[in-house]
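Raw input.txt, compact mmCIF, C-alpha atoms:
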```txt
# COMPACT_ATOMS: atom_id res chain seq x y z
CA MET V 1 19.79 -65.72 -26.74
CA LYS V 2 20.97 -69.29 -27.16
CA VAL V 3 24.36 -69.66 -28.86
CA ALA V 4 26.40 -72.67 -29.91
CA LEU V 5 30.16 -73.16 -29.70
CA LEU V 6 32.01 -75.64 -31.87
CA GLN V 7 35.06 -77.20 -30.26
CA MET V 8 36.94 -79.03 -33.01
CA THR V 9 40.21 -80.70 -33.93
CA ALA V 10 40.85 -79.17 -37.34
CA GLY V 11 43.33 -80.89 -39.62
CA ILE V 12 45.27 -80.41 -42.82
CA ASP V 13 42.37 -81.16 -45.19
CA PRO V 14 40.13 -78.09 -45.75
CA ALA V 15 37.34 -80.23 -47.25
CA ALA V 16 37.12 -82.36 -44.10
CA ASN V 17 37.12 -79.27 -41.91
CA ALA V 18 34.39 -77.70 -44.06
CA GLY V 19 32.28 -80.81 -43.53
CA THR V 20 32.62 -80.44 -39.76
CA LEU V 21 31.63 -76.79 -39.94
CA VAL V 22 28.62 -77.34 -42.18
CA LYS V 23 27.32 -80.08 -39.88
CA ALA V 24 27.79 -77.78 -36.90
CA VAL V 25 25.70 -75.08 -38.59
CA ALA V 26 22.90 -77.60 -39.20
CA ASP V 27 23.10 -78.91 -35.63
CA THR V 28 23.03 -75.35 -34.29
CA ALA V 29 19.76 -74.71 -36.12
CA THR V 30 18.28 -78.03 -34.97
CA ALA V 31 19.09 -77.14 -31.36
CA GLY V 32 17.31 -73.81 -31.67
CA ALA V 33 20.42 -71.66 -31.27
CA ALA V 34 20.60 -68.44 -33.26
CA MET V 35 24.37 -68.17 -33.65
CA LEU V 36 27.35 -70.50 -33.96
CA PHE V 37 30.89 -69.62 -32.84
CA THR V 38 33.83 -71.61 -34.25
CA PRO V 39 37.55 -71.64 -33.33
CA GLU V 40 40.59 -69.97 -34.79
CA MET V 41 41.85 -71.65 -37.99
CA SER V 42 38.63 -73.59 -38.49
CA GLY V 43 39.45 -74.30 -42.13
CA LEU V 44 43.05 -75.49 -41.87
CA ILE V 45 45.64 -76.24 -39.22
CA ASP V 46 48.98 -77.17 -40.71
CA ARG V 47 52.37 -76.16 -39.33
CA ASP V 48 54.01 -77.35 -42.58
CA ARG V 49 53.83 -73.99 -44.29
CA ALA V 50 54.93 -75.22 -47.69
CA ARG V 51 52.13 -77.79 -47.71
CA ALA V 52 49.60 -75.36 -46.23
CA ALA V 53 50.35 -72.68 -48.82
CA ALA V 54 48.63 -74.71 -51.53
CA SER V 55 45.35 -74.50 -49.58
CA ILE V 56 45.54 -70.82 -48.61
CA VAL V 57 43.70 -68.82 -51.25
CA ALA V 58 42.00 -65.47 -51.66
CA GLU V 59 38.84 -64.97 -49.64
CA ALA V 60 36.65 -65.06 -52.76
CA ASP V 61 38.08 -68.46 -53.72
CA ASP V 62 38.05 -70.10 -50.28
CA PRO V 63 35.91 -73.26 -50.39
CA VAL V 64 35.50 -73.43 -46.61
CA LEU V 65 34.15 -69.89 -46.42
CA THR V 66 31.80 -70.58 -49.32
CA ALA V 67 30.51 -73.77 -47.68
CA VAL V 68 29.83 -72.02 -44.38
CA ARG V 69 28.07 -69.10 -46.07
CA VAL V 70 25.80 -71.51 -47.94
CA ALA V 71 25.09 -73.47 -44.75
CA ALA V 72 24.28 -70.27 -42.81
CA ARG V 73 21.80 -69.30 -45.52
CA ASP V 74 20.27 -72.76 -45.80
CA HIS V 75 19.73 -73.09 -42.05
CA GLY V 76 19.02 -69.44 -41.15
CA VAL V 77 21.84 -69.21 -38.62
CA TRP V 78 24.37 -66.50 -37.80
CA VAL V 79 27.97 -67.75 -37.79
CA HIS V 80 31.06 -66.27 -36.26
CA LEU V 81 33.70 -68.16 -38.25
CA GLY V 82 36.53 -67.86 -35.75
CA SER V 83 39.21 -67.54 -38.42
CA LEU V 84 40.50 -68.85 -41.71
CA ALA V 85 43.92 -68.50 -43.28
CA VAL V 86 43.41 -66.38 -46.39
CA ARG V 87 45.72 -64.87 -48.99
CA ARG V 88 45.60 -61.08 -49.16
CA GLU V 89 45.85 -59.09 -52.38
CA ASP V 90 49.46 -58.21 -51.54
CA GLY V 91 50.35 -61.92 -51.36
CA HIS V 92 50.70 -62.06 -47.57
CA PHE V 93 48.56 -64.40 -45.48
CA ALA V 94 46.00 -63.11 -42.98
CA ASN V 95 44.41 -64.87 -40.00
CA ARG V 96 40.87 -63.57 -40.60
CA SER V 97 37.57 -63.81 -38.71
CA PHE V 98 34.20 -63.54 -40.43
CA VAL V 99 30.71 -62.76 -39.15
CA ILE V 100 28.09 -64.25 -41.49
CA ASP V 101 24.36 -63.52 -41.29
CA PRO V 102 21.45 -65.91 -42.03
CA GLU V 103 21.41 -64.80 -45.67
CA GLY V 104 25.02 -65.92 -46.05
CA THR V 105 26.27 -62.33 -46.26
CA ILE V 106 29.58 -61.42 -44.65
CA ARG V 107 28.73 -58.67 -42.16
CA ALA V 108 32.22 -58.14 -40.72
CA ARG V 109 35.84 -59.18 -41.07
CA TYR V 110 38.76 -58.90 -38.70
CA ASP V 111 42.44 -59.71 -39.30
CA LYS V 112 44.36 -60.78 -36.19
CA LEU V 113 46.32 -57.84 -34.80
CA HIS V 114 48.81 -59.59 -32.50
CA LEU V 115 50.87 -62.42 -33.97
CA PHE V 116 52.10 -65.35 -31.87
CA ASP V 117 55.92 -65.28 -31.91
CA VAL V 118 57.15 -67.15 -28.82
CA GLU V 119 59.53 -69.77 -27.50
CA LEU V 120 57.85 -71.84 -24.79
CA PRO V 121 59.74 -73.49 -21.92
CA GLY V 122 58.94 -76.97 -23.23
CA GLY V 123 60.76 -76.27 -26.48
CA GLU V 124 57.82 -75.25 -28.68
CA VAL V 125 58.69 -72.39 -31.03
CA TRP V 126 56.03 -70.44 -32.91
CA ARG V 127 56.66 -67.68 -35.45
CA GLU V 128 53.27 -66.65 -36.80
CA SER V 129 54.79 -63.51 -38.31
CA ALA V 130 56.97 -65.64 -40.60
CA ALA V 131 53.90 -66.35 -42.73
CA TYR V 132 51.17 -63.94 -41.64
CA ALA V 133 50.78 -60.17 -41.72
CA PRO V 134 48.92 -58.43 -38.86
CA GLY V 135 45.69 -56.57 -39.33
CA ASP V 136 45.35 -52.85 -38.77
CA THR V 137 41.67 -52.40 -37.81
CA ALA V 138 39.53 -53.50 -34.87
CA SER V 139 35.89 -54.41 -35.43
CA VAL V 140 32.54 -54.41 -33.63
CA VAL V 141 29.43 -55.72 -35.41
CA ASP V 142 25.74 -55.77 -34.46
CA THR V 143 24.41 -59.36 -34.11
CA PRO V 144 21.45 -60.99 -32.33
CA ALA V 145 23.87 -61.90 -29.52
CA GLY V 146 24.68 -58.21 -29.03
CA MET V 147 27.35 -55.86 -30.25
CA LEU V 148 30.13 -58.34 -30.99
CA GLY V 149 33.77 -57.30 -30.58
CA LEU V 150 36.17 -59.39 -32.62
CA SER V 151 39.56 -60.73 -31.57
CA ILE V 152 41.62 -63.89 -32.15
CA CYS V 153 43.64 -66.04 -29.74
CA TYR V 154 46.90 -64.21 -28.86
CA ASP V 155 44.99 -60.90 -28.89
CA LEU V 156 43.67 -62.09 -25.51
CA ARG V 157 46.89 -60.92 -23.83
CA PHE V 158 46.45 -57.29 -24.88
CA PRO V 159 43.71 -55.65 -22.78
CA ASP V 160 43.92 -52.33 -24.65
CA LEU V 161 42.18 -54.01 -27.59
CA TYR V 162 39.24 -55.09 -25.41
CA ARG V 163 39.00 -51.66 -23.83
CA ALA V 164 38.73 -50.19 -27.34
CA LEU V 165 36.08 -52.75 -28.29
CA SER V 166 33.95 -52.10 -25.21
CA ASP V 167 34.40 -48.34 -25.62
CA ALA V 168 32.99 -48.83 -29.13
CA GLY V 169 29.91 -50.53 -27.70
CA ALA V 170 30.81 -54.22 -27.57
CA THR V 171 28.68 -56.26 -25.16
CA VAL V 172 30.04 -59.63 -26.32
CA LEU V 173 33.72 -60.38 -26.91
CA ALA V 174 34.60 -63.23 -29.28
CA VAL V 175 37.94 -64.94 -28.64
CA PRO V 176 38.31 -67.89 -31.04
CA ALA V 177 41.54 -69.71 -30.32
CA ALA V 178 43.98 -72.53 -30.90
CA PHE V 179 45.81 -72.19 -27.57
CA THR V 180 48.75 -74.49 -26.92
CA ARG V 181 48.33 -76.82 -23.97
CA PRO V 182 51.07 -75.22 -21.80
CA THR V 183 49.80 -71.67 -22.27
CA GLY V 184 46.19 -72.79 -22.01
CA ALA V 185 46.70 -74.57 -18.71
CA ALA V 186 48.57 -71.58 -17.32
CA HIS V 187 46.55 -68.61 -18.55
CA TRP V 188 43.39 -69.38 -20.59
CA HIS V 189 40.74 -69.25 -17.86
CA THR V 190 42.38 -66.38 -15.99
CA LEU V 191 42.76 -64.11 -19.01
CA LEU V 192 39.28 -64.75 -20.37
CA GLY V 193 37.73 -64.09 -16.97
CA ALA V 194 39.66 -60.86 -16.65
CA ARG V 195 38.52 -59.66 -20.08
CA ALA V 196 34.88 -60.34 -19.17
CA ILE V 197 35.08 -58.57 -15.81
CA GLU V 198 37.02 -55.49 -16.90
CA ALA V 199 34.75 -54.90 -19.92
CA GLY V 200 31.52 -55.90 -18.18
CA ALA V 201 30.85 -58.03 -21.25
CA TRP V 202 30.12 -61.59 -22.27
CA VAL V 203 33.12 -63.59 -23.47
CA VAL V 204 32.53 -66.37 -26.00
CA ALA V 205 35.70 -68.36 -26.71
CA ALA V 206 35.44 -71.31 -29.11
CA ALA V 207 38.67 -73.32 -29.18
CA GLN V 208 40.58 -76.00 -30.99
CA THR V 209 41.28 -79.15 -28.98
CA GLY V 210 43.34 -82.33 -28.97
CA GLU V 211 45.97 -83.89 -31.21
CA HIS V 212 46.06 -82.43 -34.72
CA ALA V 213 47.25 -84.08 -37.92
CA ASP V 214 50.19 -81.66 -38.19
CA GLY V 215 51.55 -82.79 -34.81
CA ARG V 216 50.45 -79.94 -32.59
CA THR V 217 48.18 -80.23 -29.55
CA THR V 218 45.67 -77.63 -28.43
CA TYR V 219 44.06 -76.98 -25.07
CA GLY V 220 40.32 -77.00 -25.72
CA HIS V 221 38.12 -75.69 -22.87
CA SER V 222 35.87 -73.53 -25.01
CA LEU V 223 34.27 -71.09 -22.58
CA VAL V 224 31.31 -68.79 -22.16
CA ILE V 225 31.81 -66.31 -19.31
CA ASP V 226 29.21 -63.81 -18.16
CA PRO V 227 29.94 -60.11 -17.48
CA TRP V 228 30.37 -60.79 -13.75
CA GLY V 229 33.08 -63.38 -14.47
CA GLU V 230 30.98 -66.52 -13.92
CA VAL V 231 31.83 -69.44 -16.22
CA LEU V 232 28.56 -70.68 -17.73
CA LEU V 233 30.12 -73.20 -20.12
CA ASP V 234 33.45 -75.06 -20.07
CA MET V 235 33.64 -77.75 -22.75
CA GLY V 236 36.70 -79.51 -21.38
CA GLU V 237 38.76 -81.35 -24.00
CA ALA V 238 36.15 -83.23 -26.03
CA ALA V 239 35.28 -82.09 -29.54
CA GLY V 240 31.65 -81.24 -30.26
CA LEU V 241 28.99 -78.57 -29.77
CA GLY V 242 28.24 -76.75 -26.55
CA PHE V 243 25.42 -74.34 -25.81
CA ALA V 244 24.85 -71.34 -23.56
CA THR V 245 22.25 -68.60 -23.18
CA LEU V 246 23.35 -64.97 -23.19
CA ASP V 247 20.85 -63.21 -20.92
CA PRO V 248 20.82 -59.40 -21.29
CA GLU V 249 19.74 -59.05 -17.67
CA ARG V 250 23.11 -60.47 -16.56
CA LEU V 251 24.85 -57.79 -18.61
CA ALA V 252 22.75 -55.00 -17.14
CA ALA V 253 23.19 -56.32 -13.59
CA ALA V 254 26.98 -56.59 -13.85
CA ARG V 255 27.34 -53.12 -15.34
CA SER V 256 25.09 -51.56 -12.72
CA ARG V 257 26.96 -53.19 -9.82
CA VAL V 258 30.38 -52.00 -10.92
CA PRO V 259 29.97 -49.34 -13.64
CA VAL V 260 33.56 -49.44 -14.85
CA LEU V 261 32.69 -48.21 -18.34
CA THR V 262 31.35 -44.92 -17.00
CA HIS V 263 34.35 -44.54 -14.67
CA ARG V 264 37.01 -44.90 -17.36
CA ARG V 265 39.28 -41.92 -17.82
CA PRO V 266 42.01 -41.19 -20.34
CA ILE V 267 45.35 -42.47 -19.08
CA PRO V 268 47.69 -39.55 -18.35
CA PRO V 269 51.40 -39.58 -19.13
CA VAL V 270 53.36 -41.87 -16.83
CA ALA V 271 55.87 -40.26 -14.51
CA VAL V 272 58.95 -42.46 -14.15
CA VAL V 273 60.99 -41.86 -11.01
CA ARG V 274 64.40 -43.53 -10.69
```
Show me this structure written as structure tokens.
Amino acid sequence: MKVALLQMTAGIDPAANAGTLVKAVADTATAGAAMLFTPEMSGLIDRDRARAAASIVAEADDPVLTAVRVAARDHGVWVHLGSLAVRREDGHFANRSFVIDPEGTIRARYDKLHLFDVELPGGEVWRESAAYAPGDTASVVDTPAGMLGLSICYDLRFPDLYRALSDAGATVLAVPAAFTRPTGAAHWHTLLGARAIEAGAWVVAAAQTGEHADGRTTYGHSLVIDPWGEVLLDMGEAAGLGFATLDPERLAAARSRVPVLTHRRPIPPVAVVR
């Protein structure tokens, strides 16, 4: 199946970001792709949390989500909306993915489990937990691309999540992201390749890229990696649409060569010897 990835430089204006997303849905349909994947925080990137708060609303009131649902319906395209910042009923923010079908119906949601709280060597400090609450449920959803396991950005560093997703039947792992440039250059390709190989699954990772209006920079390099670990698409740093074909024969071949899923065993208690 042919899929599209949107690599974008989202900014602080949700309406402008919605316009980019809606055009990408239309272009996906024109190109004959059945599903579009977008990055983390496709609707808003703004490190000024006081300013951003005015644009973070309940899911039902989110204009970006509404626009993408309408576009999916109008163009008959599936959309994995990498994530939006939404306000939960308890008042906390969530970093939430959506899977939308060609009728514009939300088929699945996933709130990011692992929050990015780090101090990088170059002086960058990120405290995602200062504004966002973590999710408490993993999610796999049936799509034309396959059984799609959902994750977001920093989740990539926690392989137990991907083991759970593949144990639940995932054949495609979505990893929308807004990776920083230092961490992207160091770890992005390596971690995504590892997740594909250990799960025997496709990895589709749509990413933010470039210089954003709030002052941050992101790494880009949206990737599609096959279940054997071969990179089929690397979009570099330019914004735009990329395309790849997910061939089920590649999945079957990789899993038959090294049948890791059938060899998995429960991990026993660890003996610590000092």
Neighbours of Ala253 in chain V within 9 Å (only C-alpha atoms; same-chain residues fewer than 4 positions away dropped), as a list in words?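 My list of contacting residues is Pro227, Trp228, Pro248, Glu249, Arg257 and Val258 of chain V.
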Who sits within 6 Å of Ala10 in chain V, only C-alpha atoms, same chain under 2 positions skipped, as a PyMOL selection string: chain V and resi 8+17+45
Quick one: of V:Lys23, V:Arg49, V:His114, V:Arg127, who's nearest to Tyr154 in chain V, counting all atoms listed in the file? V:His114
I want to know what sits within 10 Å of Ala16 in chain V, based on only C-alpha atoms, with residues of the same chain fewer than 6 positions away left out; could you give that as JSON, numbers by chain? {"V": [10, 43, 44, 64]}
Do you have the CA of Asp62 in chain V-CA of His75 in chain V distance handy?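 One can read the CA of Asp62 in chain V to CA of His75 in chain V distance as 20.3 Å.
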Do a neighbour search on Ala174 in chain V at 12 Å with only C-alpha atoms, toss out local chain neighbours closer than 2 positions, and write the hits as a ChimeraX atom specification. /V:5,36-40,79-83,97-99,110,139-141,143,145-153,155-156,162,165-166,170-172,176-177,192,195-196,201-207,222-225
Could the residues in this selection be saved with C-alpha atoms as a compact mmCIF listing (two decimals), in the coordinates of the input?
```
# COMPACT_ATOMS: atom_id res chain seq x y z
CA LEU V 5 30.16 -73.16 -29.70
CA LEU V 36 27.35 -70.50 -33.96
CA PHE V 37 30.89 -69.62 -32.84
CA THR V 38 33.83 -71.61 -34.25
CA PRO V 39 37.55 -71.64 -33.33
CA GLU V 40 40.59 -69.97 -34.79
CA VAL V 79 27.97 -67.75 -37.79
CA HIS V 80 31.06 -66.27 -36.26
CA LEU V 81 33.70 -68.16 -38.25
CA GLY V 82 36.53 -67.86 -35.75
CA SER V 83 39.21 -67.54 -38.42
CA SER V 97 37.57 -63.81 -38.71
CA PHE V 98 34.20 -63.54 -40.43
CA VAL V 99 30.71 -62.76 -39.15
CA TYR V 110 38.76 -58.90 -38.70
CA SER V 139 35.89 -54.41 -35.43
CA VAL V 140 32.54 -54.41 -33.63
CA VAL V 141 29.43 -55.72 -35.41
CA THR V 143 24.41 -59.36 -34.11
CA ALA V 145 23.87 -61.90 -29.52
CA GLY V 146 24.68 -58.21 -29.03
CA MET V 147 27.35 -55.86 -30.25
CA LEU V 148 30.13 -58.34 -30.99
CA GLY V 149 33.77 -57.30 -30.58
CA LEU V 150 36.17 -59.39 -32.62
CA SER V 151 39.56 -60.73 -31.57
CA ILE V 152 41.62 -63.89 -32.15
CA CYS V 153 43.64 -66.04 -29.74
CA ASP V 155 44.99 -60.90 -28.89
CA LEU V 156 43.67 -62.09 -25.51
CA TYR V 162 39.24 -55.09 -25.41
CA LEU V 165 36.08 -52.75 -28.29
CA SER V 166 33.95 -52.10 -25.21
CA ALA V 170 30.81 -54.22 -27.57
CA THR V 171 28.68 -56.26 -25.16
CA VAL V 172 30.04 -59.63 -26.32
CA PRO V 176 38.31 -67.89 -31.04
CA ALA V 177 41.54 -69.71 -30.32
CA LEU V 192 39.28 -64.75 -20.37
CA ARG V 195 38.52 -59.66 -20.08
CA ALA V 196 34.88 -60.34 -19.17
CA ALA V 201 30.85 -58.03 -21.25
CA TRP V 202 30.12 -61.59 -22.27
CA VAL V 203 33.12 -63.59 -23.47
CA VAL V 204 32.53 -66.37 -26.00
CA ALA V 205 35.70 -68.36 -26.71
CA ALA V 206 35.44 -71.31 -29.11
CA ALA V 207 38.67 -73.32 -29.18
CA SER V 222 35.87 -73.53 -25.01
CA LEU V 223 34.27 -71.09 -22.58
CA VAL V 224 31.31 -68.79 -22.16
CA ILE V 225 31.81 -66.31 -19.31
```
So that I can check the surroundings of Phe243 in chain V, please list as a list in words every protein, DNA and RNA residue that reaches within 8 Å of it, counting only C-alpha atoms and ignoring chain neighbours fewer than 2 positions away.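 Counting only C-alpha atoms, the residues come to Lys2, Val3, Ala4, Leu5, Ala33, Leu233, Leu241 and Thr245 of chain V.
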Go ahead and compute the interatomic distance for CA of Thr30 in chain V and CA of Gly242 in chain V, in Å to one decimal.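 CA of Gly242 in chain V lies 13.1 Å from CA of Thr30 in chain V.
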I'd like the interatomic distance between CA of Leu251 in chain V and CA of Leu191 in chain V, to a tenth of an Å.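 So the two atoms, CA of Leu251 in chain V and CA of Leu191 in chain V, lie 19.0 Å apart.
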If you count only C-alpha atoms, the residue of V:Leu65, V:Leu173, V:Ile106, V:Met41 closest to Gln7 in chain V turns out to be V:Met41
My list of candidates is V:Gly200, V:Pro269, V:Gly229, V:Gly184. Which is closest to Ala252 in chain V when distances are computed with all atoms listed in the file?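 Ranked by minimum distance to Ala252 in chain V, first place goes to V:Gly200.
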